[in-house]
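Colleague: Structure below; questions to follow.
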Amino acid sequence: MTPITLTPQEEVTSKPKPVLAAVVEVKQKIKQDLRMGRAHQQGRINWITSIAMGLFHVGAVASLFFFSWTNLATFFIMYFLAINVGIGVAYHRLLTHRGFKTPKWVEYFVSICGCLALEGGPIFWVATHRVHHQFSDQEGDPHTPHDGTWWSHAGWILSGRALHSETALLGRYAPDLTRDSFHVWLSKYHYVPLVVTGLLQLALGGLLAGPGHHLIGAIGMLLWGTFLRVTIGLHATWLVNSATHLWGKRRFETKDDSRNSWWVAVLTGGEGWHNNHHAHPVSARHGLTWYEFDINYYCIWLLSKMGLAERVQVAQFDKDNPKPAGA
Ligand SMILES: [Zn+2]
Ligand SMILES: [Zn+2]
């Protein structure tokens with residue numbers, strides 16, 4: 001065999017090619033995998049998510065046969081912890097937009113509350129939401145109503161890819177969280193807080209029920225505190241993606257279709273003031289007038305009064321000529 005010898009010139013031109021090609025390929029793969037719009041999901045159904053969602057809806061309907069005032073109270077306490085403290089305060093205003101700072105133990109506690117909503121771990125939620133802000137109502141937005149009203153509400157969850165496990169890819173949008181081993185751990189085991197609180201509800205419901213009713217008491221509290229509560233909480237959060245990009249008033253001329261919706265704000269503790277939020281994403285306060293109630297902001301305000309939150313960002317704007325931040 002005759003050995004093939006390359007002239008120096010050939011070496012220079014031929015060697016970097018495969019490396020370059022590989023880099024380009026990896027870059028393209030990352031870009032493709034992160035494209036979250038409907039056009040890039042290939043219509044696949046995410047069966048695990050769909051079956052879980054179906055079961056929670058069945059449990060929610062079943063809960064109606066187990067009403068008690070104790071179960072209703074459990075519903076509200078768990079809803080407040082998951083949707084207000086967990087999603088609104090922690091996942092959204094603290095972790096995604098860094099609208100304020102807290103000691104690490106507070107950040108971790110409220111993030112655990114976020115897992116109670118069954119909306120994935122902090123890395124998945126934060127990365128997806130940052131992508132939403134980057135491509136709001138354009139190609140690549142994970143849940144724009146431009147791809148269909150149902151798609152923006154729940155379709156993107158049911159037929160999108162299971163991005164939960166792709167931590168490395170999602171990490172590009174949440175490097176601050178992937179550097180933190182607690183958030184990486186919590187993102188992997190995001191279902192644990194829901195399982196633990198579910199077992200506690202079973203035990204407490206059984207204990208509080210009268211003689212001979214322990215089983216009904218246990219099941220009833222689990223159905224109200226977990227199944228009905230998770231189901232309503234999911235729809236409340238999804239309405240921020242669907243309804244507040246479709247219906248409501250616009251105070252700010254933002255580049256997206258975001259709107260302010262009082263009834264979505266009622267369900268989510270202030271997240272419905274979504275046009276305000278797209279105009280001033282870093283603001284920890286979304287309700288910008290006295291009548292735009294914002295329970296999640298009141299929680300942050302309370303934390304700051306207790307010395308547990310600092311550098312709380314609040315949007316400043318000219319009422320007569322409201323403009324988005326940076327405009
Ligand atoms: Zn939005
Ligand atoms: Zn946001």
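Starting from 1 in every chain, residues are counted up; chains themselves are A, B, ... following the order of the structure tokens, and ligands are numbered from 1 as listed.
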With only C-alpha atoms as the counted atoms, please give the residues lying no more than 10 Å from stretch 265-268 of chain A, apart from itself and same-chain residues fewer than 5 positions off, as a list of chain:residue names.
Modeller: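 So the residues in contact are A:Tyr79, A:Phe80, A:Ile83, A:Asn84, A:Ile87, A:Gly88, A:Ile232, A:Gly233, A:His235, A:Ala236, A:Thr237, A:Leu239, A:Val240, A:Thr244, A:Asn260, A:Trp273, A:His274, A:His286, A:Gly287, A:Glu292, A:Phe293, A:Asp294, A:Ile295, A:Asn296.
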Colleague: Keeping only C-alpha atoms, write the selected residues as a PDB file, in the first residue's frame.
Modeller:
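Result written to selection29.pdb:
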```
ATOM      1  CA  TYR A  79     -53.669  26.330  45.729  1.00  0.00           C
ATOM      2  CA  PHE A  80     -52.101  29.354  47.405  1.00  0.00           C
ATOM      3  CA  ILE A  83     -50.003  28.784  42.247  1.00  0.00           C
ATOM      4  CA  ASN A  84     -49.315  32.003  44.182  1.00  0.00           C
ATOM      5  CA  ILE A  87     -45.615  29.585  40.228  1.00  0.00           C
ATOM      6  CA  GLY A  88     -46.230  33.339  40.520  1.00  0.00           C
ATOM      7  CA  ILE A 232     -57.721  24.106  38.295  1.00  0.00           C
ATOM      8  CA  GLY A 233     -54.188  25.430  38.878  1.00  0.00           C
ATOM      9  CA  HIS A 235     -55.890  25.701  33.652  1.00  0.00           C
ATOM     10  CA  ALA A 236     -55.326  28.984  35.512  1.00  0.00           C
ATOM     11  CA  THR A 237     -51.652  29.023  34.450  1.00  0.00           C
ATOM     12  CA  LEU A 239     -54.978  30.798  30.631  1.00  0.00           C
ATOM     13  CA  VAL A 240     -52.040  33.187  30.974  1.00  0.00           C
ATOM     14  CA  THR A 244     -54.093  36.883  28.019  1.00  0.00           C
ATOM     15  CA  ASN A 260     -54.417  42.618  30.749  1.00  0.00           C
ATOM     16  CA  TRP A 273     -51.878  41.677  34.082  1.00  0.00           C
ATOM     17  CA  HIS A 274     -49.881  40.165  31.269  1.00  0.00           C
ATOM     18  CA  HIS A 286     -47.560  43.198  37.608  1.00  0.00           C
ATOM     19  CA  GLY A 287     -50.647  45.130  38.744  1.00  0.00           C
ATOM     20  CA  GLU A 292     -55.030  46.023  39.503  1.00  0.00           C
ATOM     21  CA  PHE A 293     -54.864  43.669  42.499  1.00  0.00           C
ATOM     22  CA  ASP A 294     -51.731  41.581  42.571  1.00  0.00           C
ATOM     23  CA  ILE A 295     -51.668  39.064  45.413  1.00  0.00           C
ATOM     24  CA  ASN A 296     -48.337  37.593  44.268  1.00  0.00           C
TER      25      ASN A 296
END
```
Colleague: As number ranges by chain, please: every protein or nucleic acid residue near ligand 2 (cut-off 7 Å, counting only C-alpha atoms and all ligand atoms).
Modeller: A: 92, 96-97, 129, 133, 277-278, 281
Colleague: Please list as a list in words every residue within 9 Å of stretch 251-254 of chain A, counting only C-alpha atoms and excluding residues in the same chain fewer than 5 positions away.
Modeller: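 Counting only the stated atoms, we get Arg259, Asn260, Asn275, Asn276, His278, Ala279, Asn321, Pro322, Lys323 and Pro324 of chain A.
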Colleague: Would you mind listing what lies within 10 Å of A:Gly206 as a list in words, with only C-alpha atoms counted and same-chain residues fewer than 3 positions away left out?
Modeller: Leu200, Gln201, Leu202, Ala203, Ala209, Gly210, Pro211, Gly212, His213, His214, Leu215, Ile216, Gly217, Ala218, Ile219, Gly220, Met221 and Leu222 of chain A
Colleague: Suppose we keep C-alpha atoms; can you now write the selection as a short mmCIF file (atom, residue, chain, number, x, y, z; two decimals), in the first residue's frame?
Modeller:
```
data_model
loop_
_atom_site.label_atom_id
_atom_site.label_comp_id
_atom_site.auth_asym_id
_atom_site.auth_seq_id
_atom_site.Cartn_x
_atom_site.Cartn_y
_atom_site.Cartn_z
CA LEU A 200 -49.86 13.79 54.04
CA GLN A 201 -53.36 14.67 52.81
CA LEU A 202 -54.32 10.99 52.80
CA ALA A 203 -53.10 10.62 56.39
CA ALA A 209 -62.68 11.87 59.70
CA GLY A 210 -65.14 10.45 62.21
CA PRO A 211 -65.25 6.75 63.18
CA GLY A 212 -66.05 4.52 60.22
CA HIS A 213 -65.30 7.28 57.70
CA HIS A 214 -61.51 7.21 57.66
CA LEU A 215 -61.21 5.94 54.08
CA ILE A 216 -63.69 8.47 52.67
CA GLY A 217 -61.96 11.23 54.65
CA ALA A 218 -58.53 10.22 53.31
CA ILE A 219 -59.63 9.97 49.67
CA GLY A 220 -61.68 13.17 49.87
CA MET A 221 -58.79 15.29 51.14
CA LEU A 222 -56.43 13.87 48.50
#
```
Colleague: To one decimal place, how far is atom CA of A:Phe135 from atom CA of A:Leu234 in Å?
Modeller: 22.4 Å
Colleague: Which residues come within 8 Å of stretch 314-317 of chain A, counting only C-alpha atoms, excluding same-chain residues fewer than 2 positions away, as an NGL selection string?
Modeller: :A and (280 or 282-285 or 288 or 312 or 319 or 321-323)
Colleague: Would you save the residues from that selection as an mmCIF file, in the first residue's frame, using N, CA and C atoms?
Modeller:
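What follows is the written file out-v3.cif:
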```cif
data_model
loop_
_atom_site.group_PDB
_atom_site.id
_atom_site.type_symbol
_atom_site.label_atom_id
_atom_site.label_comp_id
_atom_site.auth_asym_id
_atom_site.auth_seq_id
_atom_site.Cartn_x
_atom_site.Cartn_y
_atom_site.Cartn_z
ATOM 1 N N HIS A 280 -42.938 45.322 31.031
ATOM 2 C CA HIS A 280 -41.924 45.480 32.084
ATOM 3 C C HIS A 280 -41.640 44.113 32.716
ATOM 4 N N VAL A 282 -39.146 42.578 34.071
ATOM 5 C CA VAL A 282 -38.358 42.391 35.291
ATOM 6 C C VAL A 282 -39.120 42.878 36.532
ATOM 7 N N SER A 283 -40.155 43.660 36.323
ATOM 8 C CA SER A 283 -40.904 44.196 37.467
ATOM 9 C C SER A 283 -41.530 43.063 38.281
ATOM 10 N N ALA A 284 -41.266 43.068 39.593
ATOM 11 C CA ALA A 284 -41.871 42.063 40.472
ATOM 12 C C ALA A 284 -43.343 42.374 40.688
ATOM 13 N N ARG A 285 -43.738 43.606 40.319
ATOM 14 C CA ARG A 285 -45.136 44.012 40.463
ATOM 15 C C ARG A 285 -45.788 44.022 39.079
ATOM 16 N N LEU A 288 -50.274 47.430 38.040
ATOM 17 C CA LEU A 288 -49.541 48.704 38.137
ATOM 18 C C LEU A 288 -50.405 49.865 38.620
ATOM 19 N N VAL A 312 -36.260 44.679 45.198
ATOM 20 C CA VAL A 312 -37.539 44.398 44.535
ATOM 21 C C VAL A 312 -37.745 45.431 43.417
ATOM 22 N N LYS A 319 -48.178 57.562 33.228
ATOM 23 C CA LYS A 319 -49.584 57.161 33.049
ATOM 24 C C LYS A 319 -50.215 57.761 31.796
ATOM 25 N N ASN A 321 -48.586 58.570 29.016
ATOM 26 C CA ASN A 321 -47.946 58.085 27.800
ATOM 27 C C ASN A 321 -47.188 56.789 28.114
ATOM 28 N N PRO A 322 -47.955 55.706 28.435
ATOM 29 C CA PRO A 322 -47.278 54.476 28.891
ATOM 30 C C PRO A 322 -46.469 53.816 27.772
ATOM 31 N N LYS A 323 -45.218 53.529 28.084
ATOM 32 C CA LYS A 323 -44.339 52.884 27.106
ATOM 33 C C LYS A 323 -43.689 51.653 27.732
#
```
Colleague: What's the 7 Å shell around A:Phe227, counting only C-alpha atoms, without same-chain residues fewer than 3 positions away, as a PyMOL selection string?
Modeller: chain A and resi 56+59-60+222-224+230-231
Colleague: May I have the selected residues written with C-alpha atoms, as a PDB file, in the first residue's frame?
Modeller:
```pdb
ATOM      1  CA  PHE A  56     -56.010  14.434  37.204  1.00  0.00           C
ATOM      2  CA  GLY A  59     -59.891  12.902  39.953  1.00  0.00           C
ATOM      3  CA  ALA A  60     -61.094  16.519  39.791  1.00  0.00           C
ATOM      4  CA  LEU A 222     -56.432  13.865  48.504  1.00  0.00           C
ATOM      5  CA  LEU A 223     -58.929  14.576  45.721  1.00  0.00           C
ATOM      6  CA  TRP A 224     -59.501  18.196  46.842  1.00  0.00           C
ATOM      7  CA  VAL A 230     -53.760  20.713  40.440  1.00  0.00           C
ATOM      8  CA  THR A 231     -56.325  20.614  37.611  1.00  0.00           C
TER       9      THR A 231
END
```
Colleague: Can you pull out every residue within 8 Å of A:Gly120, counting only C-alpha atoms, but drop anything in the same chain fewer than 3 positions away, and send it as an MDAnalysis selection string?
Modeller: chainID A and resid 115 117 124:125 164 187 190:191
Colleague: Would you mind exporting N, CA and C atoms of the selected residues as a compact mmCIF listing (two decimals), in the first residue's frame?
Modeller:
```
# COMPACT_ATOMS: atom_id res chain seq x y z
N CYS A 115 -43.12 23.13 42.47
CA CYS A 115 -43.27 21.74 42.00
C CYS A 115 -44.66 21.20 42.30
N ALA A 117 -47.38 22.41 41.65
CA ALA A 117 -48.36 22.75 40.61
C ALA A 117 -48.38 21.74 39.46
N PHE A 124 -37.09 23.46 33.63
CA PHE A 124 -38.02 23.35 32.49
C PHE A 124 -38.90 24.59 32.40
N TRP A 125 -39.50 24.98 33.53
CA TRP A 125 -40.47 26.09 33.54
C TRP A 125 -39.78 27.40 33.15
N HIS A 164 -38.77 18.07 29.54
CA HIS A 164 -38.37 18.02 30.95
C HIS A 164 -37.01 17.38 31.14
N SER A 187 -35.31 19.74 39.71
CA SER A 187 -35.87 19.62 38.37
C SER A 187 -36.00 18.16 37.97
N HIS A 190 -39.00 16.59 40.36
CA HIS A 190 -40.02 17.63 40.63
C HIS A 190 -41.34 17.07 41.15
N TYR A 191 -41.58 15.76 40.95
CA TYR A 191 -42.84 15.16 41.39
C TYR A 191 -42.84 14.81 42.88
```
Colleague: Calculated over only C-alpha atoms and all ligand atoms, which of the candidates A:Lys101, A:Lys255, A:His132, A:Arg172 has the smallest distance to ligand 1?
Modeller: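 Of the candidates, the smallest distance to ligand 1 is held by A:His132.
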Colleague: Between A:Gly269, A:Gly54, A:Pro122, A:Pro193, which one has atoms that come closest to A:Tyr297, using only C-alpha atoms?
Modeller: A:Gly269
Colleague: Quick one, how far is atom CA of A:Leu207 from atom CA of A:Leu116?
Modeller: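 Those two atoms sit 22.6 Å apart.
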Colleague: So, with only C-alpha atoms and all ligand atoms as the atoms that count, which of A:Glu310, A:Asp147, A:Asp180, A:Asp137 lies closest to ligand 1?
Modeller: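 Under the stated criterion, the closest residue is A:Asp137.
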Colleague: Measuring atom to atom with only C-alpha atoms and all ligand atoms, identify which of A:Val131, A:Leu194, A:Ile48, A:Leu199 is nearest to ligand 1.
Modeller: A:Val131
